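**Student:** Structure in structure tokens, see below.
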Protein chains: 2
Amino acid sequence: MPRPFAEPLRRRALIDAAIAAIGERGSLDVTMSEIAGRAGVSSALAHHYFGAKEELLLATMRHLLTELGTDVRAALSEAETPRARISAVVAVNFSVTQFRPEIVAAWLAFYVEAQKSARLRRLLRVYARRLHSNLLSGFVALLPRPQAEKGAEAIAALIDGLYIRRALKDGLPNSASAVALVEQVVEATLAHSKPSA
Amino acid sequence: MPRPFAEPLRRRALIDAAIAAIGERGSLDVTMSEIAGRAGVSSALAHHYFGAKEELLLATMRHLLTELGTDVRAALSEAETPRARISAVVAVNFSVTQFRPEIVAAWLAFYVEAQKSARLRRLLRVYARRLHSNLLSGFVALLPRPQAEKGAEAIAALIDGLYIRRALKDGLPNSASAVALVEQVVEATLAHSKPSA
DNA sequence: GTTTATTGACTGATCAGTCAATTAAAATCA
DNA sequence: TGATTTTAATTGACTGATCAGTCAATAAAC
């Protein structure tokens, strides 16, 4: 066919299709044809725009990371106190836009794939560091350094753990109860470690 | 060749080889030939004993689950107090036999695969329930019911989250620091929620 | 002589990635 | 403006590789 649509539109459609396909299958071994089909184009076109499959997957991961980053930045800008910063980060991670089954499944799948792909691993590290540093920016004003570090680590790990459980769909973690659980641990951690000097 | 080795030996060798292969690749898409090769047999033999690949994977998962279960039971039997029960569960999950890179990678890979395979999902649920109930058996004597439930959920999710982070190899969680982190959260949770009546 | 272990050699399916051909929009020119 | 050339979008039809799973053949143990 002719030249009806342009590159950015197609790229975006393919990334959206990739998220949907990965979310439905629950893993990264979806075929290029499946993704392309969902986006309403041929697999040849997907290769035309992204080259190898890994590039498309990488672009998809970057997209997810960018959206999460945008949401977090917006939420943090509204937070007035250190304590509110912590809650903002938690809230965003379990917000309706982020804590959806497809998104969660995609994250989990990317974690596994990162074992194989150094580039993917690097992206995931960016995410981990950002999460840690955002949490730390709240904790550090409320606790002495070493406790603040530990607190941020614990909350970050807890968030990841709840994501896994969501992927398993074993019931428990809907958004609200996940947030409540994390907040409870935040409270306990803050109360237990002595407030900073 | 003749009849030099018998079924149970081969099955076990194949399961061990599967764990090693999955651990090295970091995902479940290892080929039957790769696994069989590692076990020193032909892929045809692997099919002879396990039928489909999924059966071998399932058997591998069951093996991991069984070993973990055995370790946990042993540790719990030595725990004298409720508080010690909690620590015992935590300690086993991060023990040298469980918290090895191959094992961690295998768990993560199985989580992803569970999205596709209902039978695998069922096994993982067994694990999740067992972990929760073991933790709860400690918490329930120290906190009122609802808080005990929440505490057990939080610690279980935290453990899973630390496993993910280990898989990412981003540094932090070696056994010792992982245990310390979890114990800190346990302490904070126990101190913060009022002791039971 | 029956049973069991074991394999090499297949087969069929699936997929990532390529490529030459087609079509139409855009740019250039008359 | 209308003609023509260039450029980009798009695909169907391939190819080559990889793999799960099968099977008939062999040989040792019982």
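So you can find residues: chains in the structure tokens are A, B, ... in the order shown, residues in each start at 1, and ligands are numbered from 1 in order.
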For region 26-42 of chain A, work out the shell of residues within 7 Å, counting only C-alpha atoms (C1' of nucleotides) and skipping chain neighbours fewer than 6 positions away, then give it as a list in words.

**Tutor:**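 In the requested form, the answer reads Ala13, Leu14, Ala17, Ala18, Lys53, Ala105, Ala106 and Ala109 of chain A; Val112, Gln115 and Lys116 of chain B; DT11 of chain D.
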
**Student:** May I have the residues from that selection written out with all heavy atoms, as a short mmCIF file (atom, residue, chain, number, x, y, z; two decimals), in the first residue's frame?

**Tutor:**
data_model
loop_
_atom_site.label_atom_id
_atom_site.label_comp_id
_atom_site.auth_asym_id
_atom_site.auth_seq_id
_atom_site.Cartn_x
_atom_site.Cartn_y
_atom_site.Cartn_z
N ALA A 13 2.23 2.62 17.40
CA ALA A 13 1.23 1.56 17.32
C ALA A 13 1.87 0.20 17.58
O ALA A 13 1.30 -0.66 18.26
CB ALA A 13 0.55 1.58 15.95
N LEU A 14 3.08 0.02 17.07
CA LEU A 14 3.76 -1.26 17.26
C LEU A 14 4.15 -1.47 18.73
O LEU A 14 4.05 -2.57 19.26
CB LEU A 14 4.99 -1.34 16.35
CG LEU A 14 4.65 -1.64 14.89
CD1 LEU A 14 5.82 -1.31 13.96
CD2 LEU A 14 4.24 -3.10 14.72
N ALA A 17 1.06 -2.32 20.59
CA ALA A 17 0.69 -3.69 20.27
C ALA A 17 1.59 -4.68 21.00
O ALA A 17 1.14 -5.73 21.48
CB ALA A 17 0.76 -3.92 18.77
N ALA A 18 2.86 -4.33 21.10
CA ALA A 18 3.79 -5.21 21.80
C ALA A 18 3.40 -5.34 23.27
O ALA A 18 3.36 -6.45 23.81
CB ALA A 18 5.22 -4.67 21.69
N LYS A 53 14.02 -7.83 16.37
CA LYS A 53 12.99 -7.92 17.40
C LYS A 53 13.47 -7.30 18.70
O LYS A 53 12.71 -6.63 19.41
CB LYS A 53 12.66 -9.40 17.61
CG LYS A 53 11.49 -9.65 18.52
CD LYS A 53 11.29 -11.15 18.67
CE LYS A 53 10.19 -11.45 19.66
NZ LYS A 53 10.04 -12.90 19.88
N ALA A 105 2.76 -7.74 33.79
CA ALA A 105 3.29 -8.91 33.10
C ALA A 105 4.50 -8.53 32.26
O ALA A 105 5.50 -9.26 32.20
CB ALA A 105 2.20 -9.53 32.22
N ALA A 106 4.42 -7.38 31.61
CA ALA A 106 5.54 -6.94 30.78
C ALA A 106 6.79 -6.70 31.63
O ALA A 106 7.89 -7.14 31.28
CB ALA A 106 5.16 -5.67 30.02
N ALA A 109 8.28 -10.01 32.60
CA ALA A 109 8.92 -10.64 31.44
C ALA A 109 10.25 -9.96 31.12
O ALA A 109 11.24 -10.62 30.79
CB ALA A 109 7.99 -10.58 30.24
N VAL B 112 7.40 -16.41 35.37
CA VAL B 112 6.94 -15.94 34.08
C VAL B 112 6.19 -17.04 33.34
O VAL B 112 5.12 -16.82 32.79
CB VAL B 112 8.12 -15.43 33.23
CG1 VAL B 112 7.68 -15.20 31.79
CG2 VAL B 112 8.66 -14.15 33.81
N GLN B 115 2.51 -17.84 33.87
CA GLN B 115 1.50 -17.07 33.15
C GLN B 115 0.86 -17.91 32.05
O GLN B 115 -0.30 -17.75 31.72
CB GLN B 115 2.20 -15.87 32.52
CG GLN B 115 1.50 -14.57 32.72
CD GLN B 115 1.85 -13.93 34.04
OE1 GLN B 115 2.80 -14.34 34.70
NE2 GLN B 115 1.07 -12.96 34.44
N LYS B 116 1.68 -18.81 31.49
CA LYS B 116 1.20 -19.61 30.37
C LYS B 116 0.65 -20.95 30.83
O LYS B 116 -0.29 -21.47 30.25
CB LYS B 116 2.35 -19.87 29.37
CG LYS B 116 2.61 -18.72 28.42
CD LYS B 116 3.70 -19.09 27.40
CE LYS B 116 5.03 -18.49 27.77
NZ LYS B 116 6.14 -18.83 26.88
P DT D 11 1.34 -3.37 5.44
OP1 DT D 11 -0.07 -3.56 5.83
OP2 DT D 11 2.39 -3.40 6.46
"O5'" DT D 11 1.68 -4.44 4.32
"C5'" DT D 11 0.95 -4.39 3.09
"C4'" DT D 11 1.54 -5.36 2.11
"O4'" DT D 11 2.88 -4.95 1.76
"C3'" DT D 11 1.66 -6.78 2.66
"O3'" DT D 11 0.86 -7.63 1.86
"C2'" DT D 11 3.14 -7.13 2.53
"C1'" DT D 11 3.65 -6.10 1.54
N1 DT D 11 5.06 -5.71 1.81
C2 DT D 11 6.01 -5.94 0.85
O2 DT D 11 5.76 -6.45 -0.24
N3 DT D 11 7.28 -5.54 1.18
C4 DT D 11 7.67 -4.96 2.36
O4 DT D 11 8.84 -4.63 2.56
C5 DT D 11 6.63 -4.75 3.33
C7 DT D 11 6.95 -4.11 4.66
C6 DT D 11 5.39 -5.13 3.02
#

**Student:** As a list in words, could you give me every residue of chain D near chain A (at most 9 Å apart, counting only C-alpha atoms (C1' of nucleotides))?

**Tutor:**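 The complete set of qualifying residues is DA8, DA9, DT10 and DT11 of chain D.
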
**Student:** Should the cut-off be 8 Å, what would the residue list for chain A against chain B look like, counting only C-alpha atoms, as an NGL selection string?

**Tutor:** :A and (25-27 or 105 or 108-109 or 111-116 or 121 or 125 or 150 or 154 or 157-162 or 164-165 or 167-168 or 170 or 181-182 or 185 or 188-189 or 191-193)

**Student:** Keeping only C-alpha atoms, write the selected residues as a compact mmCIF listing (two decimals), in the first residue's frame.

**Tutor:**
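Output contents, as saved in again10.txt:
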# COMPACT_ATOMS: atom_id res chain seq x y z
CA ARG A 25 0.77 -14.03 26.58
CA GLY A 26 2.46 -13.08 29.84
CA SER A 27 5.89 -13.42 28.31
CA ALA A 105 3.29 -8.91 33.10
CA LEU A 108 8.15 -9.32 34.90
CA ALA A 109 8.92 -10.64 31.44
CA TYR A 111 13.18 -8.89 34.22
CA VAL A 112 13.65 -12.39 32.93
CA GLU A 113 14.84 -11.26 29.52
CA ALA A 114 17.33 -8.94 31.19
CA GLN A 115 19.24 -12.06 32.15
CA LYS A 116 20.03 -12.53 28.49
CA ARG A 121 19.59 -5.12 32.03
CA ARG A 125 19.11 -0.82 36.48
CA LYS A 150 17.84 0.58 54.45
CA ALA A 154 13.17 -2.35 51.84
CA ALA A 157 12.03 -4.53 47.24
CA LEU A 158 8.55 -4.67 48.72
CA ILE A 159 7.10 -2.89 45.71
CA ASP A 160 8.81 -5.32 43.33
CA GLY A 161 7.56 -8.24 45.39
CA LEU A 162 3.99 -7.04 45.21
CA ILE A 164 5.30 -10.38 41.24
CA ARG A 165 2.35 -11.37 43.32
CA ALA A 167 1.43 -11.19 38.11
CA LEU A 168 0.62 -14.49 39.77
CA ASP A 170 -3.15 -15.06 43.51
CA LEU A 181 0.49 -2.75 52.92
CA VAL A 182 3.43 -0.66 51.79
CA VAL A 185 5.62 -0.90 56.46
CA ALA A 188 6.53 0.94 61.04
CA THR A 189 9.98 1.64 59.66
CA ALA A 191 8.47 4.77 63.91
CA HIS A 192 10.96 2.09 64.75
CA SER A 193 14.13 3.80 63.57

**Student:** How close does each residue of chain C get to chain B, giving the shortest atom pair and distance in Å to one decimal for every residue with an atom at most 12 Å away, counting only C-alpha atoms (C1' of nucleotides), sorted by chain and residue number, as JSON lines?

**Tutor:**
{"residue": "C:DT3", "atom": "C1'", "partner": "B:Arg3", "partner_atom": "CA", "distance": 10.8}
{"residue": "C:DT4", "atom": "C1'", "partner": "B:Arg3", "partner_atom": "CA", "distance": 7.0}
{"residue": "C:DA5", "atom": "C1'", "partner": "B:Arg3", "partner_atom": "CA", "distance": 4.8}
{"residue": "C:DT6", "atom": "C1'", "partner": "B:Met1", "partner_atom": "CA", "distance": 5.3}
{"residue": "C:DT7", "atom": "C1'", "partner": "B:Ser42", "partner_atom": "CA", "distance": 6.8}
{"residue": "C:DG8", "atom": "C1'", "partner": "B:Ser42", "partner_atom": "CA", "distance": 9.4}
{"residue": "C:DA9", "atom": "C1'", "partner": "B:Ala44", "partner_atom": "CA", "distance": 11.1}

**Student:** Skipping near chain neighbours, those fewer than 6 positions away, what residues fall within 12 Å of DT15 (chain D) using only C-alpha atoms (C1' of nucleotides), listed as a list of chain:residue names?

**Tutor:**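 Contacts, in chain order: C:DC15, C:DA16, C:DG17, C:DT18, C:DC19.
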
**Student:** Given the selection you just returned, output its residues as a file containing N, CA, C and O atoms (P, O5', C5', C4', C3', O3' and C1' of nucleotides), formatted as a short mmCIF file (atom, residue, chain, number, x, y, z; two decimals), in the first residue's frame.

**Tutor:**
data_model
loop_
_atom_site.label_atom_id
_atom_site.label_comp_id
_atom_site.auth_asym_id
_atom_site.auth_seq_id
_atom_site.Cartn_x
_atom_site.Cartn_y
_atom_site.Cartn_z
P DC C 15 5.37 -19.23 16.30
"O5'" DC C 15 6.57 -18.28 15.94
"C5'" DC C 15 7.64 -18.89 15.31
"C4'" DC C 15 8.89 -18.08 15.35
"C3'" DC C 15 8.69 -16.62 14.98
"O3'" DC C 15 9.69 -15.85 15.61
"C1'" DC C 15 9.80 -17.78 13.23
P DA C 16 9.51 -14.24 15.72
"O5'" DA C 16 10.93 -13.76 15.19
"C5'" DA C 16 12.10 -14.23 15.83
"C4'" DA C 16 13.28 -14.01 14.93
"C3'" DA C 16 13.50 -12.57 14.49
"O3'" DA C 16 14.90 -12.33 14.46
"C1'" DA C 16 13.13 -13.96 12.59
P DG C 17 15.45 -10.86 14.36
"O5'" DG C 17 15.65 -10.75 12.79
"C5'" DG C 17 16.57 -11.67 12.21
"C4'" DG C 17 16.46 -11.62 10.71
"C3'" DG C 17 16.40 -10.21 10.09
"O3'" DG C 17 17.45 -10.12 9.13
"C1'" DG C 17 14.79 -11.62 9.13
P DT C 18 17.64 -8.81 8.24
"O5'" DT C 18 17.25 -9.35 6.80
"C5'" DT C 18 17.68 -10.65 6.41
"C4'" DT C 18 17.36 -10.86 4.93
"C3'" DT C 18 17.56 -9.63 4.04
"O3'" DT C 18 18.21 -10.08 2.85
"C1'" DT C 18 15.34 -10.43 3.83
P DC C 19 18.82 -9.02 1.82
"O5'" DC C 19 17.74 -8.98 0.64
"C5'" DC C 19 16.96 -10.16 0.40
"C4'" DC C 19 16.04 -9.93 -0.78
"C3'" DC C 19 16.24 -8.57 -1.45
"O3'" DC C 19 15.97 -8.72 -2.83
"C1'" DC C 19 14.06 -8.68 -0.61
#

**Student:** Skipping near chain neighbours, those fewer than 3 positions away, what residues fall within 10 Å of DT28 (chain C) using only C-alpha atoms (C1' of nucleotides), listed as a VMD selection string?

**Tutor:** chain D and resid 4 to 6

**Student:** I'd like the neighbourhood of Arg73 (chain B) as an mmCIF file with all heavy atoms, in the first residue's frame, where a residue qualifies if any of its atoms comes within 10 Å (using only C-alpha atoms (C1' of nucleotides)), though same-chain residues fewer than 5 positions away should be ignored.

**Tutor:**
data_model
loop_
_atom_site.group_PDB
_atom_site.id
_atom_site.type_symbol
_atom_site.label_atom_id
_atom_site.label_comp_id
_atom_site.auth_asym_id
_atom_site.auth_seq_id
_atom_site.Cartn_x
_atom_site.Cartn_y
_atom_site.Cartn_z
ATOM 1 N N GLU B 67 12.675 -29.398 47.792
ATOM 2 C CA GLU B 67 13.893 -29.114 48.555
ATOM 3 C C GLU B 67 13.699 -27.950 49.506
ATOM 4 O O GLU B 67 14.129 -27.995 50.658
ATOM 5 C CB GLU B 67 15.040 -28.803 47.594
ATOM 6 C CG GLU B 67 15.531 -30.009 46.835
ATOM 7 C CD GLU B 67 17.039 -29.954 46.618
ATOM 8 O OE1 GLU B 67 17.548 -28.857 46.313
ATOM 9 O OE2 GLU B 67 17.701 -31.000 46.773
ATOM 10 N N LEU B 68 13.051 -26.908 49.008
ATOM 11 C CA LEU B 68 12.782 -25.761 49.873
ATOM 12 C C LEU B 68 11.917 -26.182 51.048
ATOM 13 O O LEU B 68 12.188 -25.840 52.210
ATOM 14 C CB LEU B 68 12.085 -24.660 49.064
ATOM 15 C CG LEU B 68 11.686 -23.402 49.828
ATOM 16 C CD1 LEU B 68 12.883 -22.751 50.487
ATOM 17 C CD2 LEU B 68 10.986 -22.407 48.904
ATOM 18 N N GLU B 78 13.374 -26.649 64.703
ATOM 19 C CA GLU B 78 14.357 -26.215 65.707
ATOM 20 C C GLU B 78 13.948 -24.919 66.403
ATOM 21 O O GLU B 78 14.575 -24.504 67.370
ATOM 22 C CB GLU B 78 15.710 -25.961 65.032
ATOM 23 C CG GLU B 78 16.192 -27.084 64.148
ATOM 24 C CD GLU B 78 17.457 -27.720 64.675
ATOM 25 O OE1 GLU B 78 18.385 -26.969 65.042
ATOM 26 O OE2 GLU B 78 17.505 -28.969 64.737
ATOM 27 N N ALA B 88 13.460 -18.288 61.238
ATOM 28 C CA ALA B 88 13.832 -19.546 60.587
ATOM 29 C C ALA B 88 13.398 -19.545 59.126
ATOM 30 O O ALA B 88 14.180 -19.908 58.228
ATOM 31 C CB ALA B 88 13.197 -20.723 61.333
ATOM 32 N N VAL B 89 12.192 -19.115 58.889
ATOM 33 C CA VAL B 89 11.689 -19.075 57.520
ATOM 34 C C VAL B 89 12.535 -18.134 56.661
ATOM 35 O O VAL B 89 12.946 -18.470 55.540
ATOM 36 C CB VAL B 89 10.204 -18.633 57.487
ATOM 37 C CG1 VAL B 89 9.740 -18.424 56.053
ATOM 38 C CG2 VAL B 89 9.324 -19.652 58.198
ATOM 39 N N VAL B 92 16.052 -19.615 55.932
ATOM 40 C CA VAL B 92 16.087 -20.675 54.928
ATOM 41 C C VAL B 92 15.977 -20.097 53.516
ATOM 42 O O VAL B 92 16.709 -20.497 52.609
ATOM 43 C CB VAL B 92 14.958 -21.693 55.154
ATOM 44 C CG1 VAL B 92 14.798 -22.590 53.938
ATOM 45 C CG2 VAL B 92 15.238 -22.513 56.399
ATOM 46 N N ASN B 134 3.587 -20.352 56.869
ATOM 47 C CA ASN B 134 4.727 -20.527 57.776
ATOM 48 C C ASN B 134 5.057 -19.239 58.513
ATOM 49 O O ASN B 134 5.333 -19.250 59.717
ATOM 50 C CB ASN B 134 5.954 -21.005 56.999
ATOM 51 C CG ASN B 134 5.854 -22.476 56.633
ATOM 52 O OD1 ASN B 134 5.217 -23.260 57.336
ATOM 53 N ND2 ASN B 134 6.461 -22.852 55.515
#

**Student:** Between C:DA25, C:DC10, C:DA30, C:DA20, which is the closest to DT22 (chain D) once you count only C-alpha atoms (C1' of nucleotides)?

**Tutor:** C:DC10

**Student:** From the DSSP assignment of the backbone, select every residue of region 74-104 of chain B that is helix (DSSP H, G or I), and format the answer as a list in words.

**Tutor:**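 Helix (DSSP H, G or I) members of region 74-104 of chain B, listed: Ala74, Ala75, Leu76, Ser77, Glu78, Pro82, Arg83, Ala84, Arg85, Ile86, Ser87, Ala88, Val89, Val90, Ala91, Val92, Asn93, Pro101, Glu102, Ile103 and Val104 of chain B.
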
**Student:** Please report the interatomic distance between CA of Ala79 (chain B) and CA of Pro101 (chain B) in Å with one decimal.

**Tutor:** 27.3 Å

**Student:** Between D:DA20, D:DG12, D:DG2, D:DT7, which residue has the minimum interatomic distance to DA21 (chain C), considering only C-alpha atoms (C1' of nucleotides)?

**Tutor:**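 Using only C-alpha atoms (C1' of nucleotides), DA21 (chain C) sits closest to D:DG12.
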